[in-house]
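Asks: Mind looking over this structure? Questions follow.
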Amino acid sequence: MLKKTSWLLATAVAVTFGGVAQADWKPAKPVEFVVTSAPGGGTDNFARVVQSIIAKHKLMDQSIVVTNKGGGSGAEGFIYTKIATGDSHKLTFGTNNAYLLPYVAKLAYKPDELTPVAAMALDEFLLWVKADAPYKDAKSYIEAVKAKPDTFKMGGSQSKDTDQTLTSLIQDATGAKFIYVPFQGGGAAGVQLAGGHIDSNTNNPNENAGQWKAGAITPLCVFSPTRLQGGVKVTATMGWSDIPTCKEAGIPIDQFQMPRTVWLPGGVPAESVAFYADLLKKVSETPEWKEYIDRTSQTNRFLAGQDLKTFIASDDAKNRKVFEQEGWLVR
Amino acid sequence: MISRYTAEVGTATLTAGLGLAAVVGALEFGIGWGDAGPEPGAFPFYIGLLVVAASVGTLIQATVGRRGLQSVFLHREEAKRVASFFLPMLAFVVVARLLGLYVATALYLSFVMWVQGKYRFVIAVASGIAAAVIFYFVLEVAFQVPLLKGPLEAALGLY
Amino acid sequence: MENFASLLHGFGVALTTYHVMLMMVGVLLGILVGVLPGLGAPNGVSLLLPLTFTMDPVAAIILLTSMYWGALFGGSTTSILFNIPGEPSSVATTFDGYPMARQGHATQALTLAFLSAGFGALVGVILITVLSTWVAKFALRFSSPEYFAVYFLAFASFIGLGAASPFKTVVSMGLGFAFAAVGMDTVSGGLRLTYGFNELLSGISFLIAVIGLFGIGELMLTMEEGLRFDGIRARVKVRDVFKTIATLPRYWVTLLRSAAIGCWMGITPGGPTAASFMSYGLAKRLSRRKDGFGQGEPEGVVAPETADHAAGSSAILPMLALGVPGSATAAVMMGGLMIWGLNPGPMLFVERPDFVWGLIASMYLGNIVAVLMVLATIPLFASILRIPFAIIGPVIVVVCFIGAYTVAGRPFDLWLALAFGVVGYLFKKLDYPIAPLVLAMVLGDKAEDAFRQSMIMSRGSLSIFWSNGLVATLMLIGIALALGPLLSIVLSRLVKPKASSAVA
């Protein structure tokens, strides 16, 4: 943990000084956007939206090349970034997997070998069940699961990743026991729920919106400290803002969100970190970005510098606790 | 000159080795059948065993039928032809790693056309360079697919 | 009937000069990316995507799907001419397409491939038109056990086909499974068989294996035989194209059966690659000219091509109706849909009928445009074979390696392709069958994931594979297909000694 703190300090220093020297650095050649997911994944959409906004508003003189390195749940991209130490022309897009992956798999990079630039949005998690299931709220569903432990199936994307972590948190907070079934992605988990093959999932809004609209599934609560934005009705009776927070609904988890993060390799000058932080800040202020956030029902939150450092440290600690308890840590 | 028997034995040993590698690699992850079905290593473990067993089967078959396998697998003349194709290709990969794919493409095409195709040196070199430039424009410029690059591209300021 | 009214409306949307021009541009670009191995449809689509943000969604999706068709056709072209499948789903086309080209029948092989592909795609689109609602509901009934059963079915219909030594077949298939297991394991979230190498993190790409085994391995064999392309001297006559068109109705049984297999695998999660293998396998089993397969049998080109395209087009439906992409290309297109502000899912049909039916109508038109355009390019492609081998050989080498690099931008893949090339050469010379390796690499990890997910759901009980009518039926058909050849071998063994003793 000591190492991690020193890394965060170094970053903070870098960002502070970077703010002063901002005008001094500019990309001298095309910038590579390294996407730590396959084409079509959530991170891919995130990076391509940023790319399209930068291109549309001409926020940068140099062009952008997007490469997908999604192997090993994104580890491929982060290792690629680590190897490019000192290269300020490689911007890597990820989630909290950037600092969580090395806990659960033996990987040839450590989070402190990457330089955090910004977090641009928080993706939300909801608890979903089939629309014709006899549960009106989260509480009654959890009661039903508790009554028959190890029979209800919770689907999610991948293993030892956000969905399973959240499932583990729910189990801890309520005493219910699920069977967790890992699928290839959130989309697949959504269809499995609509088809009635699993009992619930914890998908992001955008992964399940289509099935909800069609009346196949319904959300019980959102793992966010406040309700979601957006007053438009999605179904005849409900919109995103009508979904209670899980805390309101009786699951004592205040907050579980996934940051969409941007990184540079280690050993880059503070000026370049500041340049990209500033660039991404500009991106996050455009109407197109707002539109992306609304469409995917994420929470718009731009974090850089000290705030980012604090956020990462607390998110890291929270997840690490779950990993430790579940015995997922590899080192 | 290599006999068919030698080739059979060599290849079967290679596949047995690959199978063994899978078995050894799989042992790390648990090969049992837990309450949630097979553990991560189970599938590669048994597949590896199967490959080893079948390779041994091939070995036995080859040894038992050794007489029938005395035919020539590769004549000297054929071996030469394969080598004359394979070695430049190997060099191409090595050069590509060191100097990038474009330089390697130009060198490789020029060399093969000049030495093996018996084209005139100037024509061979010109075609090699032309091919590399065409690839550059199609991939890098038109489709924005970056290829492996080396010091030459860096010196020219091409990303 | 309601669907037909919507479709007519869709034709109204799709049939404008602007849209038809977009189709032609898309098809051309698609052929280009399809012909270059490694630069597949996903590359092309993700490249065009940013351009389409400013276009209207109907025009954008028409451009992208046309590119998809073009790429599928382009992939078959290189399979036939150079034994290098440009797309994973055209691997099975090489089995008979390449021998045909070597015997000087490149024009016939290409014409048959394109026509049967066009036919398959049309059947797929008609299926979508007529049964869209039913298909979407049917697809919802599939969960992990059913997925496993579908993969099992694909394996079962393909194994036990070749005349190769059973040991060698097992080695080949086993290696395919082992290669497929390398990298991140979805079910456990851990890395497997990477031995600490970063290069193996993302697994061994199926495309690299195909480029090496087929492309480079084949070139080494050709070189050994002494620099000859037997097809070179074959004259390209435009008349041959028309002659071949006239022979197509002869294969109507194969066409219909392959289209049915393709549609089935497109709707269920099997996908185009599995469909083409399964269709080839069944065509060989049921053909009267079994021995010709692998030596340049036209039916061996018709069967995989029809199924490949039938699956490719019918797979668009689950993407639109369920939001589950069946392929990398579909995933990119789905990303595009969302950026254009459309949510794939059951409601897309209700909310944006103009878009959905415009797209479906454009699939009809796009395919016809694509078939006409590729037929027109046949003389051009076939004439590539007339270029001296001292030039075309090395160019293919370069294209193979560039293709290997572009798959994921990993320098290590160059070595991997070279290694697979050597393996391909040895395997071919020693009569190891390569197809089982390829099939195992494509379906291996998916089948394993589906199996283990099923086991998690059932708490380790195999009975889940008999738990409902659908999965039980699939498993039974699969078992019957798998045991069929074994039974016939056993029977023939039992019968033969008697026959020979009778002679004695």
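Simple scheme: letters A, B, ... for chains in structure tokens order, numbers from 1 for residues in each chain, numbers from 1 for ligands in the order shown.
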Could the residues of chain B within 7 Å of chain C, counting only C-alpha atoms, be given as number ranges by chain, please?

Replies: B: 8, 22, 25-26, 35-38, 40, 44, 47, 50-51, 54-55, 57-58, 78, 81-82, 85, 93, 97, 105, 109, 113, 116-117, 143, 147

Asks: Using only C-alpha atoms, select each residue of chain B with any atom at most 9 Å away from an atom of chain A, and give the selection as a ChimeraX atom specification.

Replies: /B:144-146,157-159

Asks: Based on the backbone DSSP call, show me all residues of region 10-233 of chain A assigned strand (DSSP E or B), as a tab-separated table (two decimals) with all heavy atoms, in the first residue's frame.

Replies:
chain	number	residue	atom	x	y	z
A	31	VAL	N	-1.97	10.87	-31.97
A	31	VAL	CA	-2.10	10.26	-30.65
A	31	VAL	C	-2.83	8.93	-30.79
A	31	VAL	O	-3.83	8.83	-31.50
A	31	VAL	CB	-2.90	11.19	-29.72
A	31	VAL	CG1	-3.13	10.53	-28.38
A	31	VAL	CG2	-2.16	12.51	-29.56
A	32	GLU	N	-2.29	7.90	-30.13
A	32	GLU	CA	-2.94	6.59	-30.18
A	32	GLU	C	-3.89	6.45	-28.99
A	32	GLU	O	-3.49	6.65	-27.85
A	32	GLU	CB	-1.88	5.49	-30.15
A	32	GLU	CG	-2.48	4.10	-30.23
A	32	GLU	CD	-1.43	3.00	-30.24
A	32	GLU	OE1	-0.22	3.32	-30.25
A	32	GLU	OE2	-1.83	1.83	-30.21
A	33	PHE	N	-5.15	6.15	-29.29
A	33	PHE	CA	-6.11	5.84	-28.22
A	33	PHE	C	-6.12	4.33	-28.04
A	33	PHE	O	-6.55	3.60	-28.92
A	33	PHE	CB	-7.52	6.31	-28.61
A	33	PHE	CG	-7.79	7.76	-28.34
A	33	PHE	CD1	-6.75	8.66	-28.15
A	33	PHE	CD2	-9.09	8.24	-28.27
A	33	PHE	CE1	-6.99	10.01	-27.91
A	33	PHE	CE2	-9.36	9.58	-28.02
A	33	PHE	CZ	-8.31	10.47	-27.85
A	34	VAL	N	-5.62	3.87	-26.90
A	34	VAL	CA	-5.58	2.44	-26.64
A	34	VAL	C	-6.86	2.08	-25.89
A	34	VAL	O	-7.12	2.59	-24.80
A	34	VAL	CB	-4.35	2.06	-25.79
A	34	VAL	CG1	-4.31	0.56	-25.56
A	34	VAL	CG2	-3.08	2.55	-26.47
A	35	VAL	N	-7.67	1.22	-26.50
A	35	VAL	CA	-8.94	0.85	-25.91
A	35	VAL	C	-8.82	-0.52	-25.28
A	35	VAL	O	-8.48	-1.48	-25.96
A	35	VAL	CB	-10.05	0.84	-26.99
A	35	VAL	CG1	-11.36	0.37	-26.40
A	35	VAL	CG2	-10.20	2.22	-27.59
A	64	ILE	N	-6.06	11.22	-34.49
A	64	ILE	CA	-6.17	10.17	-33.47
A	64	ILE	C	-6.27	8.81	-34.15
A	64	ILE	O	-7.01	8.66	-35.12
A	64	ILE	CB	-7.42	10.41	-32.60
A	64	ILE	CG1	-7.28	11.71	-31.83
A	64	ILE	CG2	-7.65	9.23	-31.66
A	64	ILE	CD1	-8.57	12.20	-31.25
A	65	VAL	N	-5.51	7.86	-33.66
A	65	VAL	CA	-5.62	6.48	-34.14
A	65	VAL	C	-6.15	5.64	-32.98
A	65	VAL	O	-5.58	5.68	-31.89
A	65	VAL	CB	-4.25	5.93	-34.57
A	65	VAL	CG1	-4.39	4.56	-35.18
A	65	VAL	CG2	-3.57	6.88	-35.54
A	66	VAL	N	-7.23	4.91	-33.22
A	66	VAL	CA	-7.78	4.07	-32.14
A	66	VAL	C	-7.33	2.64	-32.34
A	66	VAL	O	-7.46	2.09	-33.44
A	66	VAL	CB	-9.33	4.12	-32.14
A	66	VAL	CG1	-9.88	3.30	-30.98
A	66	VAL	CG2	-9.81	5.55	-32.05
A	67	THR	N	-6.75	2.02	-31.30
A	67	THR	CA	-6.43	0.59	-31.40
A	67	THR	C	-7.11	-0.15	-30.25
A	67	THR	O	-7.11	0.32	-29.12
A	67	THR	CB	-4.91	0.33	-31.31
A	67	THR	OG1	-4.39	1.06	-30.20
A	67	THR	CG2	-4.20	0.77	-32.55
A	68	ASN	N	-7.69	-1.30	-30.57
A	68	ASN	CA	-8.34	-2.11	-29.55
A	68	ASN	C	-7.37	-3.15	-29.03
A	68	ASN	O	-6.85	-3.95	-29.80
A	68	ASN	CB	-9.56	-2.82	-30.14
A	68	ASN	CG	-10.68	-1.84	-30.40
A	68	ASN	OD1	-10.76	-1.25	-31.46
A	68	ASN	ND2	-11.53	-1.65	-29.41
A	90	LYS	N	0.32	8.09	-26.17
A	90	LYS	CA	-0.55	6.93	-26.03
A	90	LYS	C	-1.51	7.17	-24.86
A	90	LYS	O	-1.10	7.23	-23.71
A	90	LYS	CB	0.28	5.67	-25.78
A	90	LYS	CG	0.98	5.17	-27.01
A	90	LYS	CD	1.54	3.78	-26.80
A	90	LYS	CE	1.99	3.17	-28.11
A	90	LYS	NZ	3.11	3.90	-28.73
A	91	LEU	N	-2.78	7.33	-25.19
A	91	LEU	CA	-3.78	7.59	-24.17
A	91	LEU	C	-4.62	6.33	-24.03
A	91	LEU	O	-5.16	5.84	-25.02
A	91	LEU	CB	-4.64	8.78	-24.63
A	91	LEU	CG	-5.28	9.64	-23.57
A	91	LEU	CD1	-4.23	10.19	-22.62
A	91	LEU	CD2	-6.03	10.79	-24.22
A	92	THR	N	-4.71	5.80	-22.82
A	92	THR	CA	-5.37	4.52	-22.64
A	92	THR	C	-6.71	4.69	-21.94
A	92	THR	O	-6.81	5.40	-20.93
A	92	THR	CB	-4.46	3.59	-21.82
A	92	THR	OG1	-3.21	3.52	-22.47
A	92	THR	CG2	-5.05	2.20	-21.70
A	93	PHE	N	-7.74	4.05	-22.48
A	93	PHE	CA	-9.10	4.17	-21.94
A	93	PHE	C	-9.50	2.89	-21.23
A	93	PHE	O	-9.31	1.80	-21.77
A	93	PHE	CB	-10.09	4.46	-23.08
A	93	PHE	CG	-9.93	5.84	-23.65
A	93	PHE	CD1	-8.85	6.14	-24.46
A	93	PHE	CD2	-10.84	6.83	-23.35
A	93	PHE	CE1	-8.68	7.41	-24.97
A	93	PHE	CE2	-10.68	8.11	-23.85
A	93	PHE	CZ	-9.59	8.41	-24.66
A	94	GLY	N	-10.03	3.04	-20.03
A	94	GLY	CA	-10.43	1.85	-19.29
A	94	GLY	C	-11.51	2.18	-18.27
A	94	GLY	O	-12.21	3.19	-18.38
A	114	LEU	N	1.28	3.17	-14.37
A	114	LEU	CA	0.47	3.98	-15.27
A	114	LEU	C	0.22	5.33	-14.60
A	114	LEU	O	0.24	5.44	-13.38
A	114	LEU	CB	-0.88	3.31	-15.56
A	114	LEU	CG	-0.88	1.85	-15.98
A	114	LEU	CD1	-2.31	1.35	-16.12
A	114	LEU	CD2	-0.14	1.67	-17.29
A	115	THR	N	-0.01	6.35	-15.42
A	115	THR	CA	-0.30	7.67	-14.88
A	115	THR	C	-1.77	8.00	-15.10
A	115	THR	O	-2.22	8.07	-16.24
A	115	THR	CB	0.55	8.74	-15.60
A	115	THR	OG1	1.89	8.29	-15.64
A	115	THR	CG2	0.46	10.07	-14.89
A	116	PRO	N	-2.54	8.17	-14.03
A	116	PRO	CA	-3.95	8.50	-14.23
A	116	PRO	C	-4.10	9.93	-14.77
A	116	PRO	O	-3.40	10.83	-14.31
A	116	PRO	CB	-4.57	8.38	-12.84
A	116	PRO	CG	-3.43	8.54	-11.90
A	116	PRO	CD	-2.19	8.09	-12.61
A	117	VAL	N	-5.00	10.12	-15.73
A	117	VAL	CA	-5.21	11.45	-16.31
A	117	VAL	C	-6.54	12.01	-15.85
A	117	VAL	O	-6.63	13.12	-15.34
A	117	VAL	CB	-5.15	11.39	-17.85
A	117	VAL	CG1	-5.44	12.75	-18.44
A	117	VAL	CG2	-3.81	10.88	-18.31
A	118	ALA	N	-7.60	11.22	-16.04
A	118	ALA	CA	-8.92	11.71	-15.67
A	118	ALA	C	-9.89	10.55	-15.54
A	118	ALA	O	-9.66	9.47	-16.06
A	118	ALA	CB	-9.42	12.68	-16.73
A	119	ALA	N	-10.97	10.80	-14.81
A	119	ALA	CA	-12.14	9.93	-14.85
A	119	ALA	C	-13.25	10.80	-15.41
A	119	ALA	O	-13.38	11.97	-15.01
A	119	ALA	CB	-12.49	9.42	-13.46
A	120	MET	N	-14.00	10.30	-16.36
A	120	MET	CA	-14.92	11.19	-17.07
A	120	MET	C	-16.38	10.94	-16.78
A	120	MET	O	-17.23	11.78	-17.03
A	120	MET	CB	-14.67	11.12	-18.56
A	120	MET	CG	-13.29	11.62	-18.92
A	120	MET	SD	-13.03	11.75	-20.68
A	120	MET	CE	-14.17	13.03	-21.14
A	121	ALA	N	-16.71	9.73	-16.30
A	121	ALA	CA	-18.11	9.44	-16.02
A	121	ALA	C	-18.16	8.29	-15.04
A	121	ALA	O	-17.18	7.57	-14.86
A	121	ALA	CB	-18.84	9.06	-17.31
A	122	LEU	N	-19.29	8.14	-14.38
A	122	LEU	CA	-19.48	6.99	-13.51
A	122	LEU	C	-20.63	6.18	-14.09
A	122	LEU	O	-21.74	6.70	-14.26
A	122	LEU	CB	-19.83	7.44	-12.10
A	122	LEU	CG	-18.75	8.25	-11.37
A	122	LEU	CD1	-19.29	8.77	-10.05
A	122	LEU	CD2	-17.53	7.38	-11.12
A	123	ASP	N	-20.34	4.93	-14.40
A	123	ASP	CA	-21.42	4.09	-14.91
A	123	ASP	C	-22.15	3.49	-13.72
A	123	ASP	O	-21.53	3.09	-12.74
A	123	ASP	CB	-20.88	3.00	-15.84
A	123	ASP	CG	-21.91	2.59	-16.89
A	123	ASP	OD1	-23.08	3.02	-16.75
A	123	ASP	OD2	-21.57	1.87	-17.83
A	124	GLU	N	-23.48	3.46	-13.82
A	124	GLU	CA	-24.31	3.02	-12.70
A	124	GLU	C	-24.60	1.53	-12.78
A	124	GLU	O	-24.58	0.94	-13.85
A	124	GLU	CB	-25.63	3.78	-12.71
A	124	GLU	CG	-25.48	5.29	-12.67
A	124	GLU	CD	-25.00	5.78	-11.32
A	124	GLU	OE1	-24.99	4.97	-10.37
A	124	GLU	OE2	-24.64	6.96	-11.22
A	126	LEU	N	-27.63	-1.34	-11.60
A	126	LEU	CA	-28.98	-1.50	-11.09
A	126	LEU	C	-29.23	-2.98	-10.81
A	126	LEU	O	-28.54	-3.84	-11.36
A	126	LEU	CB	-30.02	-1.00	-12.10
A	126	LEU	CG	-30.08	0.51	-12.31
A	126	LEU	CD1	-29.10	0.95	-13.36
A	126	LEU	CD2	-31.48	0.93	-12.70
A	127	LEU	N	-30.21	-3.23	-9.99
A	127	LEU	CA	-30.63	-4.61	-9.77
A	127	LEU	C	-31.87	-4.84	-10.63
A	127	LEU	O	-32.86	-4.12	-10.50
A	127	LEU	CB	-30.95	-4.84	-8.29
A	127	LEU	CG	-31.37	-6.26	-7.92
A	127	LEU	CD1	-30.26	-7.26	-8.21
A	127	LEU	CD2	-31.75	-6.33	-6.44
A	128	TRP	N	-31.78	-5.80	-11.55
A	128	TRP	CA	-32.87	-6.05	-12.48
A	128	TRP	C	-33.46	-7.45	-12.25
A	128	TRP	O	-32.73	-8.38	-11.95
A	128	TRP	CB	-32.38	-6.02	-13.92
A	128	TRP	CG	-31.69	-4.78	-14.37
A	128	TRP	CD1	-30.38	-4.46	-14.16
A	128	TRP	CD2	-32.25	-3.69	-15.11
A	128	TRP	NE1	-30.10	-3.24	-14.74
A	128	TRP	CE2	-31.22	-2.75	-15.33
A	128	TRP	CE3	-33.53	-3.42	-15.62
A	128	TRP	CZ2	-31.42	-1.57	-16.02
A	128	TRP	CZ3	-33.73	-2.25	-16.32
A	128	TRP	CH2	-32.69	-1.32	-16.51
A	129	VAL	N	-34.77	-7.56	-12.42
A	129	VAL	CA	-35.40	-8.89	-12.42
A	129	VAL	C	-36.33	-8.95	-13.63
A	129	VAL	O	-36.57	-7.95	-14.30
A	129	VAL	CB	-36.22	-9.16	-11.14
A	129	VAL	CG1	-35.31	-9.28	-9.94
A	129	VAL	CG2	-37.28	-8.11	-10.94
A	130	LYS	N	-36.85	-10.15	-13.87
A	130	LYS	CA	-37.77	-10.31	-14.99
A	130	LYS	C	-39.06	-9.58	-14.68
A	130	LYS	O	-39.51	-9.53	-13.53
A	130	LYS	CB	-38.05	-11.81	-15.19
A	130	LYS	CG	-38.43	-12.15	-16.59
A	130	LYS	CD	-38.21	-13.63	-16.84
A	130	LYS	CE	-38.58	-13.99	-18.28
A	130	LYS	NZ	-39.94	-13.71	-18.70
A	153	LYS	N	-30.30	-17.42	-9.47
A	153	LYS	CA	-29.14	-17.19	-10.32
A	153	LYS	C	-28.98	-15.72	-10.63
A	153	LYS	O	-29.89	-15.08	-11.13
A	153	LYS	CB	-29.26	-17.98	-11.62
A	153	LYS	CG	-29.20	-19.47	-11.41
A	153	LYS	CD	-29.43	-20.19	-12.71
A	153	LYS	CE	-30.07	-21.54	-12.46
A	153	LYS	NZ	-31.39	-21.68	-13.02
A	154	MET	N	-27.81	-15.19	-10.31
A	154	MET	CA	-27.46	-13.82	-10.64
A	154	MET	C	-26.49	-13.85	-11.80
A	154	MET	O	-25.44	-14.49	-11.71
A	154	MET	CB	-26.81	-13.16	-9.41
A	154	MET	CG	-26.31	-11.77	-9.65
A	154	MET	SD	-27.64	-10.57	-9.67
A	154	MET	CE	-27.58	-10.02	-7.96
A	155	GLY	N	-26.86	-13.21	-12.90
A	155	GLY	CA	-25.98	-13.20	-14.05
A	155	GLY	C	-25.15	-11.94	-14.09
A	155	GLY	O	-25.53	-10.92	-13.51
A	156	GLY	N	-24.00	-12.00	-14.75
A	156	GLY	CA	-23.17	-10.81	-14.86
A	156	GLY	C	-22.15	-10.98	-15.95
A	156	GLY	O	-22.03	-12.04	-16.55
A	157	SER	N	-21.41	-9.90	-16.18
A	157	SER	CA	-20.40	-9.92	-17.20
A	157	SER	C	-19.08	-10.35	-16.57
A	157	SER	O	-18.65	-9.77	-15.59
A	157	SER	CB	-20.28	-8.52	-17.79
A	157	SER	OG	-19.10	-8.38	-18.50
A	179	ILE	N	-26.40	-17.83	-6.84
A	179	ILE	CA	-25.45	-18.54	-7.70
A	179	ILE	C	-25.04	-17.52	-8.74
A	179	ILE	O	-25.87	-17.04	-9.52
A	179	ILE	CB	-26.12	-19.73	-8.43
A	179	ILE	CG1	-26.69	-20.73	-7.43
A	179	ILE	CG2	-25.13	-20.39	-9.36
A	179	ILE	CD1	-27.44	-21.87	-8.11
A	180	TYR	N	-23.77	-17.16	-8.79
A	180	TYR	CA	-23.33	-16.17	-9.78
A	180	TYR	C	-22.92	-16.88	-11.06
A	180	TYR	O	-22.06	-17.77	-11.05
A	180	TYR	CB	-22.16	-15.34	-9.24
A	180	TYR	CG	-21.67	-14.33	-10.23
A	180	TYR	CD1	-22.34	-13.12	-10.42
A	180	TYR	CD2	-20.55	-14.58	-11.03
A	180	TYR	CE1	-21.90	-12.20	-11.36
A	180	TYR	CE2	-20.11	-13.66	-11.97
A	180	TYR	CZ	-20.80	-12.47	-12.13
A	180	TYR	OH	-20.37	-11.56	-13.06
A	181	VAL	N	-23.54	-16.49	-12.19
A	181	VAL	CA	-23.20	-17.09	-13.48
A	181	VAL	C	-22.52	-16.04	-14.36
A	181	VAL	O	-23.14	-15.05	-14.73
A	181	VAL	CB	-24.46	-17.61	-14.21
A	181	VAL	CG1	-24.05	-18.43	-15.43
A	181	VAL	CG2	-25.32	-18.45	-13.28
A	182	PRO	N	-21.24	-16.24	-14.70
A	182	PRO	CA	-20.55	-15.25	-15.54
A	182	PRO	C	-20.85	-15.47	-17.03
A	182	PRO	O	-20.76	-16.58	-17.52
A	182	PRO	CB	-19.07	-15.54	-15.26
A	182	PRO	CG	-19.02	-16.97	-14.85
A	182	PRO	CD	-20.37	-17.34	-14.27
A	183	PHE	N	-21.22	-14.39	-17.72
A	183	PHE	CA	-21.41	-14.46	-19.17
A	183	PHE	C	-20.34	-13.62	-19.85
A	183	PHE	O	-19.57	-12.93	-19.19
A	183	PHE	CB	-22.81	-13.98	-19.55
A	183	PHE	CG	-23.90	-14.89	-19.07
A	183	PHE	CD1	-24.58	-14.62	-17.90
A	183	PHE	CD2	-24.21	-16.03	-19.78
A	183	PHE	CE1	-25.56	-15.49	-17.44
A	183	PHE	CE2	-25.18	-16.89	-19.33
A	183	PHE	CZ	-25.87	-16.62	-18.16
A	200	SER	N	-31.84	-12.67	-11.92
A	200	SER	CA	-31.57	-11.24	-11.83
A	200	SER	C	-30.20	-10.96	-12.41
A	200	SER	O	-29.40	-11.87	-12.62
A	200	SER	CB	-31.62	-10.79	-10.36
A	200	SER	OG	-30.76	-11.59	-9.58
A	201	ASN	N	-29.94	-9.67	-12.68
A	201	ASN	CA	-28.58	-9.26	-13.01
A	201	ASN	C	-28.35	-7.85	-12.51
A	201	ASN	O	-29.27	-7.19	-12.03
A	201	ASN	CB	-28.28	-9.41	-14.52
A	201	ASN	CG	-29.05	-8.45	-15.38
A	201	ASN	OD1	-29.39	-7.33	-14.99
A	201	ASN	ND2	-29.36	-8.88	-16.59
A	217	ILE	N	-38.04	-6.96	-18.78
A	217	ILE	CA	-37.41	-6.95	-17.46
A	217	ILE	C	-37.72	-5.63	-16.77
A	217	ILE	O	-38.20	-4.69	-17.40
A	217	ILE	CB	-35.87	-7.11	-17.58
A	217	ILE	CG1	-35.29	-5.99	-18.46
A	217	ILE	CG2	-35.51	-8.44	-18.17
A	217	ILE	CD1	-33.79	-6.02	-18.52
A	218	THR	N	-37.43	-5.57	-15.48
A	218	THR	CA	-37.73	-4.34	-14.76
A	218	THR	C	-36.66	-4.08	-13.70
A	218	THR	O	-36.12	-5.03	-13.12
A	218	THR	CB	-39.15	-4.42	-14.14
A	218	THR	OG1	-39.49	-3.15	-13.62
A	218	THR	CG2	-39.23	-5.45	-13.04
A	219	PRO	N	-36.31	-2.82	-13.47
A	219	PRO	CA	-35.29	-2.51	-12.47
A	219	PRO	C	-35.91	-2.43	-11.08
A	219	PRO	O	-37.04	-1.95	-10.92
A	219	PRO	CB	-34.76	-1.15	-12.90
A	219	PRO	CG	-35.91	-0.50	-13.60
A	219	PRO	CD	-36.74	-1.61	-14.19
A	220	LEU	N	-35.17	-2.89	-10.06
A	220	LEU	CA	-35.68	-2.78	-8.69
A	220	LEU	C	-35.06	-1.59	-7.95
A	220	LEU	O	-35.74	-0.88	-7.24
A	220	LEU	CB	-35.39	-4.08	-7.92
A	220	LEU	CG	-36.15	-5.30	-8.41
A	220	LEU	CD1	-35.78	-6.52	-7.58
A	220	LEU	CD2	-37.66	-5.07	-8.35
A	221	CYS	N	-33.75	-1.40	-8.13
A	221	CYS	CA	-33.12	-0.27	-7.48
A	221	CYS	C	-31.77	0.03	-8.10
A	221	CYS	O	-31.23	-0.78	-8.84
A	221	CYS	CB	-32.96	-0.52	-5.97
A	221	CYS	SG	-31.81	-1.85	-5.57
A	222	VAL	N	-31.24	1.21	-7.82
A	222	VAL	CA	-29.97	1.62	-8.39
A	222	VAL	C	-28.95	1.81	-7.26
A	222	VAL	O	-29.27	2.39	-6.21
A	222	VAL	CB	-30.12	2.89	-9.25
A	222	VAL	CG1	-30.77	4.03	-8.46
A	222	VAL	CG2	-28.78	3.34	-9.81
A	233	LYS	N	-40.25	9.22	-19.40
A	233	LYS	CA	-40.68	7.86	-19.08
A	233	LYS	C	-40.08	6.87	-20.07
A	233	LYS	O	-40.12	7.09	-21.28
A	233	LYS	CB	-42.22	7.77	-19.18
A	233	LYS	CG	-42.92	8.63	-18.13
A	233	LYS	CD	-43.10	7.86	-16.83
A	233	LYS	CE	-43.79	8.68	-15.77
A	233	LYS	NZ	-42.84	9.26	-14.79

Asks: Would you mind listing, as a PyMOL selection string, all residues of chain A that have at least one atom within 8 Å of chain C, where only C-alpha atoms are what counts?

Replies: chain A and resi 39-41+45+49+52+68-73+75-76+79+104-108+153+158-161+179-184+187-188+191-192+194-195+197+209-211+213-214+292+295

Asks: What does the structure give for the distance between CA of Val283 (chain A) and CA of Glu113 (chain A), in Å to one decimal?

Replies: 25.8 Å

Asks: If DSSP is run on the backbone, what residues of chain B are alpha helix (DSSP H)? A reply as a PyMOL selection string would be ideal.

Replies: chain B and resi 4-27+42-64+76-99+101-111+121-135+151-156

Asks: Just the residues within 6 Å of Ile31 (chain B), please, counting only C-alpha atoms, with nothing from its chain fewer than 2 positions along; format it as an MDAnalysis selection string.

Replies: chainID B and resid 39 41:42

Asks: Just want the 10 Å neighbourhood of region 153-155 of chain B, counted on only C-alpha atoms, with same-chain residues fewer than 2 positions away dropped. Output as a compact mmCIF listing (two decimals) with C-alpha atoms, in the first residue's frame.

Replies:
# COMPACT_ATOMS: atom_id res chain seq x y z
CA LEU B 99 13.21 -2.19 -38.86
CA GLY B 100 9.45 -2.36 -39.22
CA TYR B 102 7.55 -1.48 -44.53
CA VAL B 103 11.33 -1.67 -44.74
CA LEU B 148 4.88 -2.09 -37.17
CA LYS B 149 7.38 0.69 -37.78
CA GLY B 150 11.08 1.09 -37.23
CA PRO B 151 13.81 3.73 -37.14
CA GLY B 157 8.65 11.66 -39.22
CA LEU B 158 5.91 9.22 -40.21
CA TYR B 159 3.94 7.98 -37.30
